[in-house]
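Peer 1: Let me give you the structure first, and then I'll get to my questions.
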Number of protein chains: 2
Amino acid sequence: MTITIKDLAEMARVSTGTVSRVINGGPGVGEETRKRILKLIKELDYQPNASAHGLAAKRSGNIGVIIPHTGGYSMATAYWPGLLTAITERAAAQNYNVLLSTARSEEDVASAYQSILKGRRIDGLIIGAEQFGDKQLAELLLKDFPFVMVGKSVSISHYYVDVDNAGGARRMTEHLIGLGHRRIAMLAGPEHYPSVIARVGGFRQAMAAAGLDPGLVYHCPYWTLRAGEISREIIRSGIGVTAIFAAAGDLVTGVLQAAREEGLRLPEDLGVATFDDHPLYNYFAPAISAVRQPIAALGEAAAVQLFRLMHGEIPEEKGIVLPTELVIRASCGRPGLKTEAGRVAPETTS
Amino acid sequence: MTITIKDLAEMARVSTGTVSRVINGGPGVGEETRKRILKLIKELDYQPNASAHGLAAKRSGNIGVIIPHTGGYSMATAYWPGLLTAITERAAAQNYNVLLSTARSEEDVASAYQSILKGRRIDGLIIGAEQFGDKQLAELLLKDFPFVMVGKSVSISHYYVDVDNAGGARRMTEHLIGLGHRRIAMLAGPEHYPSVIARVGGFRQAMAAAGLDPGLVYHCPYWTLRAGEISREIIRSGIGVTAIFAAAGDLVTGVLQAAREEGLRLPEDLGVATFDDHPLYNYFAPAISAVRQPIAALGEAAAVQLFRLMHGEIPEEKGIVLPTELVIRASCGRPGLKTEAGRVAPETTS
DNA sequence: ATGAAAGCGCTAACAC
DNA sequence: GTGTTAGCGCTTTCAT
């Protein structure tokens, strides 16, 4: 039924070894024979059996991508999907397929790790899960398995791609300061995450450099509801915050929710900025200013770096750090200045 | 170095066949032996080689998911990412991995099809690409390969999951009519797509039933810019449209863009509704009313259906059609009525 | 340049 | 209940 290398060999009156050489573009095959076999492959629409190839050659032809899946929401931001698309495209260009794992928890990571990696289903791995534990990272390093992380781990040295989190946060903070904001709060993610540490660092640096209080940093899980609660506390605390800089997409919606519920007008009563842009931010009321990450470039870089490692190359740099871009819209305002932007209406469902 | 079934057999003083039976949970193994081997597997952290298993058992342990990738934007809506997440979760629960392909064009589909399917890298396929050609569909059917489509193809009978496109569009249209709109335009996707046909049908049905002109249907590629141009034409045409119903997420942003540029206030001057909800629509100015699709349930259903097929079951129904939900926010308005919602400010980049 | 043959790690009869 | 063994389809020495 299905055609194998043996069939091809018989039809071409050569051995399976020769056919194999042709398929893999190896040397040591006569020009005439090669053509004949190639023609046959085209005609019969032959495609090598991936399992057999994998078993014999010890390569699967797949790369793995493992990304976090926090509360069913991660894929609804533009970040992971964009990354995944870029990686998949690059992989396809190299004739590799992408094996996807989403990880809700550390156990998920462990089990994905088990099945995918130890089962030799992949030849390389791109890790986007901050949950990925140091022990697993260490094991990967130990067995010299090619992998690239999106974002840098704190404790372990590995290949990674990342954006300039500190620089992006610093520049946005400077922008807010430039607009006249003096008391600015940062709503940041969980404090042990490297990206969070970097963004907080950039924020503090800008605040301190301007002689302002760099201490208004509030950590929060990546969860809109909780971000709303904390934002409400910030607003009600009476410490005179005129702007909140949300350090992630899941957090900014919480800030907006809180502002709405507290009856604050944006941006007159409260300036808002966020990290990680989304095309839809442009249609918010007011449109949200954001630090844009070069998502596609990030995914592309991760894939390129991974393929280098898989080819045995040794990149000179452990990390590739891409710059961010400031996207200024209307939400940062200018404290005390009136604008025509309205409030967001409450939602009804039917 | 890496441990194989043979090593296990030696250490347990049994044959590889017995170990294999244990691994696959097969019958015909003594309780005591089974325990001993299981213990060994745990201790040694043994994981079967996927390629070897695949080659011998003729199953890869992977399912394929192929989704469209139109202009680098598809992953930035909540639809495909949400679907993918749900599928991946379900697959993981069944100890299957997900092999992802994104398809920009028909050639991409063809090549993905080649490598993935003919290379026996997957045991089943979920197809989300409307580009998937009838010839390939026919080939899948012919070789009895298990697959499920998300969305129904027009010409070929296959297993699929879908949402009630017609019903959702009809109900939203009825809602608009109920608010007092009399001349409503639908901005729909490319006219040969089944989902588009269904949505247009629902719209027309509601309009006709209310004695209104069901003819204001404008087809448009899934491309915000073009949607903006067409919307502008509708607005300028002077046919007195008071509401535009965008039949997809990529289109509604175009409508908003056009309304902004033409200086129309929403919803007083123009009511807007869309198909396919997004969490961020709640923060628009005004918040956008939408027909919400049960995305996670859709992905889940697709996976469940696929696994049924892979297990040789014959579902009684070819299609699973899930209901939609109307999410009413502020954007539909009431023609002629003033509200406090403001306009969206222009974007600047730095 | 080409063929022969020994695996790769696992499964599935078929024996006992 | 357990062992034996012949493949699964391909790669890769090693001869020639």
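Ligands are numbered from 1 in the order shown, residues from 1 within each chain, and chains are lettered A, B, ... in the order they appear in the structure tokens.
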For chain B, work out the contacting residues on chain D at 7 Å, counting only C-alpha atoms (C1' of nucleotides), and write them as number ranges by chain.
Peer 2: D: 1-3, 8
Peer 1: Write out as a PyMOL selection string which residues come within 9 Å of Met186 in chain A when counting only C-alpha atoms (C1' of nucleotides), dropping same-chain ones fewer than 6 positions away.
Peer 2: chain A and resi 200+203+215-219+243-247
Peer 1: As a PDB file with N, CA, C and O atoms, in the first residue's frame, please: all residues of range 40-280 of chain B that backbone DSSP puts in strand (DSSP E).
Peer 2:
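Listed below is the output, result-v8.pdb:
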ATOM      1  N   ASN B  62       1.241  11.480  17.882  1.00  0.00           N
ATOM      2  CA  ASN B  62       1.038  12.923  17.639  1.00  0.00           C
ATOM      3  C   ASN B  62      -0.260  13.143  16.872  1.00  0.00           C
ATOM      4  O   ASN B  62      -0.648  12.312  16.064  1.00  0.00           O
ATOM      5  N   ILE B  63      -0.893  14.248  17.135  1.00  0.00           N
ATOM      6  CA  ILE B  63      -1.941  14.690  16.223  1.00  0.00           C
ATOM      7  C   ILE B  63      -1.479  15.996  15.601  1.00  0.00           C
ATOM      8  O   ILE B  63      -0.698  16.737  16.204  1.00  0.00           O
ATOM      9  N   GLY B  64      -1.944  16.253  14.420  1.00  0.00           N
ATOM     10  CA  GLY B  64      -1.546  17.470  13.724  1.00  0.00           C
ATOM     11  C   GLY B  64      -2.635  18.524  13.825  1.00  0.00           C
ATOM     12  O   GLY B  64      -3.810  18.201  13.894  1.00  0.00           O
ATOM     13  N   VAL B  65      -2.210  19.770  13.880  1.00  0.00           N
ATOM     14  CA  VAL B  65      -3.171  20.870  13.817  1.00  0.00           C
ATOM     15  C   VAL B  65      -2.663  21.841  12.764  1.00  0.00           C
ATOM     16  O   VAL B  65      -1.506  22.273  12.820  1.00  0.00           O
ATOM     17  N   ILE B  66      -3.493  22.130  11.818  1.00  0.00           N
ATOM     18  CA  ILE B  66      -3.061  23.050  10.771  1.00  0.00           C
ATOM     19  C   ILE B  66      -4.006  24.239  10.754  1.00  0.00           C
ATOM     20  O   ILE B  66      -5.213  24.098  10.675  1.00  0.00           O
ATOM     21  N   ILE B  67      -3.443  25.409  10.935  1.00  0.00           N
ATOM     22  CA  ILE B  67      -4.258  26.611  11.007  1.00  0.00           C
ATOM     23  C   ILE B  67      -3.740  27.659  10.039  1.00  0.00           C
ATOM     24  O   ILE B  67      -2.571  27.662   9.676  1.00  0.00           O
ATOM     25  N   PRO B  68      -4.626  28.540   9.613  1.00  0.00           N
ATOM     26  CA  PRO B  68      -4.233  29.538   8.624  1.00  0.00           C
ATOM     27  C   PRO B  68      -3.356  30.598   9.277  1.00  0.00           C
ATOM     28  O   PRO B  68      -3.434  30.832  10.470  1.00  0.00           O
ATOM     29  N   ASN B  97       0.770  14.319  21.596  1.00  0.00           N
ATOM     30  CA  ASN B  97       1.395  15.613  21.395  1.00  0.00           C
ATOM     31  C   ASN B  97       0.799  16.283  20.171  1.00  0.00           C
ATOM     32  O   ASN B  97       0.236  15.617  19.312  1.00  0.00           O
ATOM     33  N   VAL B  98       0.970  17.568  20.109  1.00  0.00           N
ATOM     34  CA  VAL B  98       0.403  18.332  19.002  1.00  0.00           C
ATOM     35  C   VAL B  98       1.499  18.835  18.078  1.00  0.00           C
ATOM     36  O   VAL B  98       2.438  19.486  18.520  1.00  0.00           O
ATOM     37  N   LEU B  99       1.370  18.498  16.833  1.00  0.00           N
ATOM     38  CA  LEU B  99       2.302  18.961  15.812  1.00  0.00           C
ATOM     39  C   LEU B  99       1.626  20.111  15.081  1.00  0.00           C
ATOM     40  O   LEU B  99       0.573  19.930  14.477  1.00  0.00           O
ATOM     41  N   LEU B 100       2.227  21.265  15.144  1.00  0.00           N
ATOM     42  CA  LEU B 100       1.583  22.459  14.623  1.00  0.00           C
ATOM     43  C   LEU B 100       2.094  22.859  13.244  1.00  0.00           C
ATOM     44  O   LEU B 100       3.293  22.861  13.008  1.00  0.00           O
ATOM     45  N   SER B 101       1.170  23.202  12.378  1.00  0.00           N
ATOM     46  CA  SER B 101       1.558  23.789  11.096  1.00  0.00           C
ATOM     47  C   SER B 101       0.755  25.045  10.860  1.00  0.00           C
ATOM     48  O   SER B 101      -0.454  25.059  11.070  1.00  0.00           O
ATOM     49  N   THR B 102       1.421  26.067  10.438  1.00  0.00           N
ATOM     50  CA  THR B 102       0.688  27.252  10.032  1.00  0.00           C
ATOM     51  C   THR B 102       0.796  27.331   8.524  1.00  0.00           C
ATOM     52  O   THR B 102       1.833  27.037   7.951  1.00  0.00           O
ATOM     53  N   ALA B 103      -0.295  27.727   7.915  1.00  0.00           N
ATOM     54  CA  ALA B 103      -0.313  27.758   6.464  1.00  0.00           C
ATOM     55  C   ALA B 103      -0.655  29.151   5.964  1.00  0.00           C
ATOM     56  O   ALA B 103      -1.699  29.705   6.275  1.00  0.00           O
ATOM     57  N   GLY B 124      -3.721  11.660  13.404  1.00  0.00           N
ATOM     58  CA  GLY B 124      -5.010  12.300  13.169  1.00  0.00           C
ATOM     59  C   GLY B 124      -4.761  13.777  12.941  1.00  0.00           C
ATOM     60  O   GLY B 124      -3.687  14.278  13.257  1.00  0.00           O
ATOM     61  N   LEU B 125      -5.734  14.458  12.392  1.00  0.00           N
ATOM     62  CA  LEU B 125      -5.504  15.842  11.992  1.00  0.00           C
ATOM     63  C   LEU B 125      -6.707  16.730  12.267  1.00  0.00           C
ATOM     64  O   LEU B 125      -7.845  16.345  12.002  1.00  0.00           O
ATOM     65  N   ILE B 126      -6.437  17.892  12.818  1.00  0.00           N
ATOM     66  CA  ILE B 126      -7.477  18.900  12.966  1.00  0.00           C
ATOM     67  C   ILE B 126      -7.145  20.035  12.011  1.00  0.00           C
ATOM     68  O   ILE B 126      -6.050  20.587  12.068  1.00  0.00           O
ATOM     69  N   ILE B 127      -8.068  20.328  11.165  1.00  0.00           N
ATOM     70  CA  ILE B 127      -7.813  21.298  10.105  1.00  0.00           C
ATOM     71  C   ILE B 127      -8.579  22.581  10.359  1.00  0.00           C
ATOM     72  O   ILE B 127      -9.797  22.590  10.454  1.00  0.00           O
ATOM     73  N   PHE B 147      -9.715  12.775  10.483  1.00  0.00           N
ATOM     74  CA  PHE B 147      -9.529  14.217  10.577  1.00  0.00           C
ATOM     75  C   PHE B 147     -10.846  14.924  10.893  1.00  0.00           C
ATOM     76  O   PHE B 147     -11.920  14.409  10.607  1.00  0.00           O
ATOM     77  N   VAL B 148     -10.706  16.060  11.510  1.00  0.00           N
ATOM     78  CA  VAL B 148     -11.865  16.870  11.873  1.00  0.00           C
ATOM     79  C   VAL B 148     -11.593  18.287  11.413  1.00  0.00           C
ATOM     80  O   VAL B 148     -10.496  18.808  11.621  1.00  0.00           O
ATOM     81  N   MET B 149     -12.568  18.893  10.791  1.00  0.00           N
ATOM     82  CA  MET B 149     -12.386  20.290  10.404  1.00  0.00           C
ATOM     83  C   MET B 149     -13.067  21.225  11.383  1.00  0.00           C
ATOM     84  O   MET B 149     -14.118  20.903  11.933  1.00  0.00           O
ATOM     85  N   VAL B 150     -12.430  22.353  11.596  1.00  0.00           N
ATOM     86  CA  VAL B 150     -13.074  23.399  12.366  1.00  0.00           C
ATOM     87  C   VAL B 150     -13.740  24.310  11.346  1.00  0.00           C
ATOM     88  O   VAL B 150     -13.065  25.020  10.603  1.00  0.00           O
ATOM     89  N   TYR B 160     -16.813  17.511  11.366  1.00  0.00           N
ATOM     90  CA  TYR B 160     -16.432  18.888  11.650  1.00  0.00           C
ATOM     91  C   TYR B 160     -17.049  19.370  12.953  1.00  0.00           C
ATOM     92  O   TYR B 160     -17.984  18.761  13.483  1.00  0.00           O
ATOM     93  N   VAL B 161     -16.506  20.444  13.454  1.00  0.00           N
ATOM     94  CA  VAL B 161     -17.128  21.173  14.557  1.00  0.00           C
ATOM     95  C   VAL B 161     -17.296  22.605  14.058  1.00  0.00           C
ATOM     96  O   VAL B 161     -16.511  23.081  13.253  1.00  0.00           O
ATOM     97  N   ASP B 162     -18.323  23.233  14.522  1.00  0.00           N
ATOM     98  CA  ASP B 162     -18.569  24.592  14.045  1.00  0.00           C
ATOM     99  C   ASP B 162     -19.441  25.323  15.058  1.00  0.00           C
ATOM    100  O   ASP B 162     -20.006  24.709  15.967  1.00  0.00           O
ATOM    101  N   VAL B 163     -19.510  26.628  14.894  1.00  0.00           N
ATOM    102  CA  VAL B 163     -20.458  27.369  15.722  1.00  0.00           C
ATOM    103  C   VAL B 163     -21.667  27.699  14.870  1.00  0.00           C
ATOM    104  O   VAL B 163     -21.612  27.623  13.642  1.00  0.00           O
ATOM    105  N   ILE B 184     -29.104  48.644   8.025  1.00  0.00           N
ATOM    106  CA  ILE B 184     -27.923  48.025   8.616  1.00  0.00           C
ATOM    107  C   ILE B 184     -27.102  47.380   7.508  1.00  0.00           C
ATOM    108  O   ILE B 184     -27.653  46.691   6.646  1.00  0.00           O
ATOM    109  N   ALA B 185     -25.806  47.631   7.553  1.00  0.00           N
ATOM    110  CA  ALA B 185     -24.937  46.992   6.564  1.00  0.00           C
ATOM    111  C   ALA B 185     -24.151  45.888   7.235  1.00  0.00           C
ATOM    112  O   ALA B 185     -23.785  45.990   8.398  1.00  0.00           O
ATOM    113  N   MET B 186     -23.916  44.803   6.491  1.00  0.00           N
ATOM    114  CA  MET B 186     -23.021  43.773   7.006  1.00  0.00           C
ATOM    115  C   MET B 186     -21.729  43.817   6.210  1.00  0.00           C
ATOM    116  O   MET B 186     -21.738  43.797   4.978  1.00  0.00           O
ATOM    117  N   LEU B 187     -20.631  43.893   6.943  1.00  0.00           N
ATOM    118  CA  LEU B 187     -19.319  43.815   6.318  1.00  0.00           C
ATOM    119  C   LEU B 187     -18.832  42.386   6.545  1.00  0.00           C
ATOM    120  O   LEU B 187     -18.513  42.006   7.677  1.00  0.00           O
ATOM    121  N   ALA B 188     -18.810  41.605   5.484  1.00  0.00           N
ATOM    122  CA  ALA B 188     -18.529  40.179   5.627  1.00  0.00           C
ATOM    123  C   ALA B 188     -17.218  39.799   4.957  1.00  0.00           C
ATOM    124  O   ALA B 188     -16.660  40.558   4.177  1.00  0.00           O
ATOM    125  N   VAL B 217     -24.980  43.945   1.937  1.00  0.00           N
ATOM    126  CA  VAL B 217     -23.887  43.055   2.323  1.00  0.00           C
ATOM    127  C   VAL B 217     -22.652  43.391   1.498  1.00  0.00           C
ATOM    128  O   VAL B 217     -22.716  43.437   0.269  1.00  0.00           O
ATOM    129  N   TYR B 218     -21.551  43.638   2.167  1.00  0.00           N
ATOM    130  CA  TYR B 218     -20.309  44.004   1.480  1.00  0.00           C
ATOM    131  C   TYR B 218     -19.234  42.986   1.811  1.00  0.00           C
ATOM    132  O   TYR B 218     -18.898  42.810   2.984  1.00  0.00           O
ATOM    133  N   HIS B 219     -18.712  42.328   0.784  1.00  0.00           N
ATOM    134  CA  HIS B 219     -17.657  41.336   1.030  1.00  0.00           C
ATOM    135  C   HIS B 219     -16.290  41.996   1.001  1.00  0.00           C
ATOM    136  O   HIS B 219     -16.070  42.973   0.301  1.00  0.00           O
ATOM    137  N   ALA B 243     -25.972  51.502  11.164  1.00  0.00           N
ATOM    138  CA  ALA B 243     -25.170  50.512  11.891  1.00  0.00           C
ATOM    139  C   ALA B 243     -24.442  49.594  10.917  1.00  0.00           C
ATOM    140  O   ALA B 243     -24.964  49.256   9.847  1.00  0.00           O
ATOM    141  N   ILE B 244     -23.232  49.224  11.296  1.00  0.00           N
ATOM    142  CA  ILE B 244     -22.481  48.246  10.504  1.00  0.00           C
ATOM    143  C   ILE B 244     -22.182  47.049  11.380  1.00  0.00           C
ATOM    144  O   ILE B 244     -21.686  47.188  12.503  1.00  0.00           O
ATOM    145  N   PHE B 245     -22.492  45.884  10.871  1.00  0.00           N
ATOM    146  CA  PHE B 245     -22.244  44.629  11.563  1.00  0.00           C
ATOM    147  C   PHE B 245     -21.045  43.976  10.879  1.00  0.00           C
ATOM    148  O   PHE B 245     -21.146  43.482   9.765  1.00  0.00           O
ATOM    149  N   ALA B 246     -19.904  44.004  11.547  1.00  0.00           N
ATOM    150  CA  ALA B 246     -18.707  43.375  10.994  1.00  0.00           C
ATOM    151  C   ALA B 246     -18.774  41.888  11.305  1.00  0.00           C
ATOM    152  O   ALA B 246     -18.997  41.500  12.441  1.00  0.00           O
ATOM    153  N   GLY B 271     -23.817  52.694  14.786  1.00  0.00           N
ATOM    154  CA  GLY B 271     -23.760  51.534  15.671  1.00  0.00           C
ATOM    155  C   GLY B 271     -22.817  50.502  15.074  1.00  0.00           C
ATOM    156  O   GLY B 271     -22.718  50.369  13.857  1.00  0.00           O
ATOM    157  N   VAL B 272     -22.104  49.800  15.924  1.00  0.00           N
ATOM    158  CA  VAL B 272     -21.155  48.790  15.442  1.00  0.00           C
ATOM    159  C   VAL B 272     -21.293  47.500  16.250  1.00  0.00           C
ATOM    160  O   VAL B 272     -21.393  47.537  17.484  1.00  0.00           O
ATOM    161  N   ALA B 273     -21.294  46.396  15.556  1.00  0.00           N
ATOM    162  CA  ALA B 273     -21.299  45.088  16.210  1.00  0.00           C
ATOM    163  C   ALA B 273     -20.356  44.187  15.438  1.00  0.00           C
ATOM    164  O   ALA B 273     -20.007  44.486  14.290  1.00  0.00           O
ATOM    165  N   THR B 274     -19.941  43.117  16.063  1.00  0.00           N
ATOM    166  CA  THR B 274     -19.003  42.238  15.364  1.00  0.00           C
ATOM    167  C   THR B 274     -19.210  40.785  15.742  1.00  0.00           C
ATOM    168  O   THR B 274     -19.869  40.464  16.738  1.00  0.00           O
ATOM    169  N   PHE B 275     -18.656  39.926  14.929  1.00  0.00           N
ATOM    170  CA  PHE B 275     -18.676  38.492  15.205  1.00  0.00           C
ATOM    171  C   PHE B 275     -17.319  38.132  15.770  1.00  0.00           C
ATOM    172  O   PHE B 275     -16.311  38.659  15.339  1.00  0.00           O
TER     173      PHE B 275
END
Peer 1: Per residue of chain C within 9 Å of chain A, record the nearest atom pair and its distance in Å to one decimal, counting only C-alpha atoms (C1' of nucleotides), with rows in chain order and ascending residue number, as JSON lines.
Peer 2:
{"residue": "C:DA1", "atom": "C1'", "partner": "A:Val29", "partner_atom": "CA", "distance": 5.7}
{"residue": "C:DT2", "atom": "C1'", "partner": "A:Thr18", "partner_atom": "CA", "distance": 7.0}
{"residue": "C:DG3", "atom": "C1'", "partner": "A:Ser15", "partner_atom": "CA", "distance": 6.1}
{"residue": "C:DA4", "atom": "C1'", "partner": "A:Ser15", "partner_atom": "CA", "distance": 8.8}
{"residue": "C:DG7", "atom": "C1'", "partner": "A:Ala56", "partner_atom": "CA", "distance": 8.4}
{"residue": "C:DC8", "atom": "C1'", "partner": "A:Ala56", "partner_atom": "CA", "distance": 4.7}
{"residue": "C:DG9", "atom": "C1'", "partner": "A:Leu55", "partner_atom": "CA", "distance": 7.5}
Peer 1: Include N, CA and C atoms (P, O5', C5', C4', C3', O3' and C1' of nucleotides) and write out the residues we just selected as a short mmCIF file (atom, residue, chain, number, x, y, z; two decimals), in the first residue's frame.
Peer 2:
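See selection.cif below for the written result:
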data_model
loop_
_atom_site.label_atom_id
_atom_site.label_comp_id
_atom_site.auth_asym_id
_atom_site.auth_seq_id
_atom_site.Cartn_x
_atom_site.Cartn_y
_atom_site.Cartn_z
P DA C 1 31.52 8.89 -7.41
"O5'" DA C 1 30.54 7.72 -7.84
"C5'" DA C 1 30.16 7.52 -9.18
"C4'" DA C 1 29.62 6.13 -9.27
"C3'" DA C 1 28.23 5.98 -8.66
"O3'" DA C 1 27.51 5.05 -9.47
"C1'" DA C 1 29.73 4.57 -7.51
P DT C 2 25.99 4.83 -9.27
"O5'" DT C 2 25.99 3.60 -8.29
"C5'" DT C 2 26.17 2.29 -8.84
"C4'" DT C 2 26.36 1.30 -7.74
"C3'" DT C 2 25.12 1.01 -6.89
"O3'" DT C 2 24.55 -0.19 -7.37
"C1'" DT C 2 27.15 0.93 -5.65
P DG C 3 23.30 -0.80 -6.65
"O5'" DG C 3 23.99 -1.86 -5.67
"C5'" DG C 3 24.89 -2.82 -6.23
"C4'" DG C 3 25.28 -3.81 -5.15
"C3'" DG C 3 24.13 -4.37 -4.33
"O3'" DG C 3 24.38 -5.75 -4.09
"C1'" DG C 3 25.63 -3.25 -2.89
P DA C 4 23.31 -6.64 -3.41
"O5'" DA C 4 24.02 -7.00 -2.02
"C5'" DA C 4 25.44 -7.07 -1.92
"C4'" DA C 4 25.81 -7.43 -0.49
"C3'" DA C 4 24.70 -8.11 0.32
"O3'" DA C 4 25.30 -9.05 1.20
"C1'" DA C 4 25.22 -6.01 1.30
P DG C 7 25.04 -5.89 14.40
"O5'" DG C 7 23.44 -5.97 14.17
"C5'" DG C 7 22.57 -5.25 15.03
"C4'" DG C 7 22.78 -3.75 14.85
"C3'" DG C 7 21.78 -2.94 15.66
"O3'" DG C 7 22.41 -1.84 16.26
"C1'" DG C 7 21.50 -2.48 13.35
P DC C 8 22.07 -1.40 17.71
"O5'" DC C 8 21.00 -0.24 17.51
"C5'" DC C 8 21.38 1.06 17.04
"C4'" DC C 8 20.12 1.85 16.80
"C3'" DC C 8 19.01 1.54 17.79
"O3'" DC C 8 19.02 2.55 18.79
"C1'" DC C 8 18.20 1.60 15.50
P DG C 9 19.11 2.09 20.34
"O5'" DG C 9 17.58 1.79 20.68
"C5'" DG C 9 16.64 2.86 20.56
"C4'" DG C 9 15.25 2.28 20.58
"C3'" DG C 9 14.93 1.41 21.79
"O3'" DG C 9 13.74 1.88 22.36
"C1'" DG C 9 14.37 0.29 19.79
#
Peer 1: Could you list, as a PyMOL selection string, every residue within 7 Å of range 117-119 of chain B, counting only C-alpha atoms (C1' of nucleotides) and ignoring same-chain residues fewer than 4 positions away?
Peer 2: (chain A and resi 47-50) or (chain B and resi 113)
Peer 1: Enumerate the residues of range 64-127 of chain B with a DSSP assignment of alpha helix (DSSP H), computed from the backbone, and present them as a VMD selection string.
Peer 2: chain B and resid 79 to 93 106 to 112
Peer 1: Name the residues in contact with DC14 in chain D at a cut-off of 10 Å, using only C-alpha atoms (C1' of nucleotides), excluding same-chain residues fewer than 2 positions from it; report them as a count of residues only.
Peer 2: 4
Peer 1: From the set B:Ala303, B:Leu44, B:Met207, B:Leu38, which residue has the shortest atom-to-atom contact distance to chain A, counting only C-alpha atoms?
Peer 2: B:Leu44
Peer 1: What separation in Å, quoted to one decimal, exists between CA of Asp250 in chain A and CA of Leu137 in chain A?
Peer 2: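 Spanning CA of Asp250 in chain A to CA of Leu137 in chain A is a straight-line distance of 26.8 Å.
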Peer 1: Calculate how many Å separate CA of Gly211 in chain A from CA of Ile177 in chain A, rounding to one decimal.
Peer 2: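 Those two atoms sit 10.5 Å apart.
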Peer 1: Please, what distance in Å, to one decimal, runs between CA of Ser153 in chain B and CA of His69 in chain B?
Peer 2: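 Computing it gives 18.3 Å between the two atoms.
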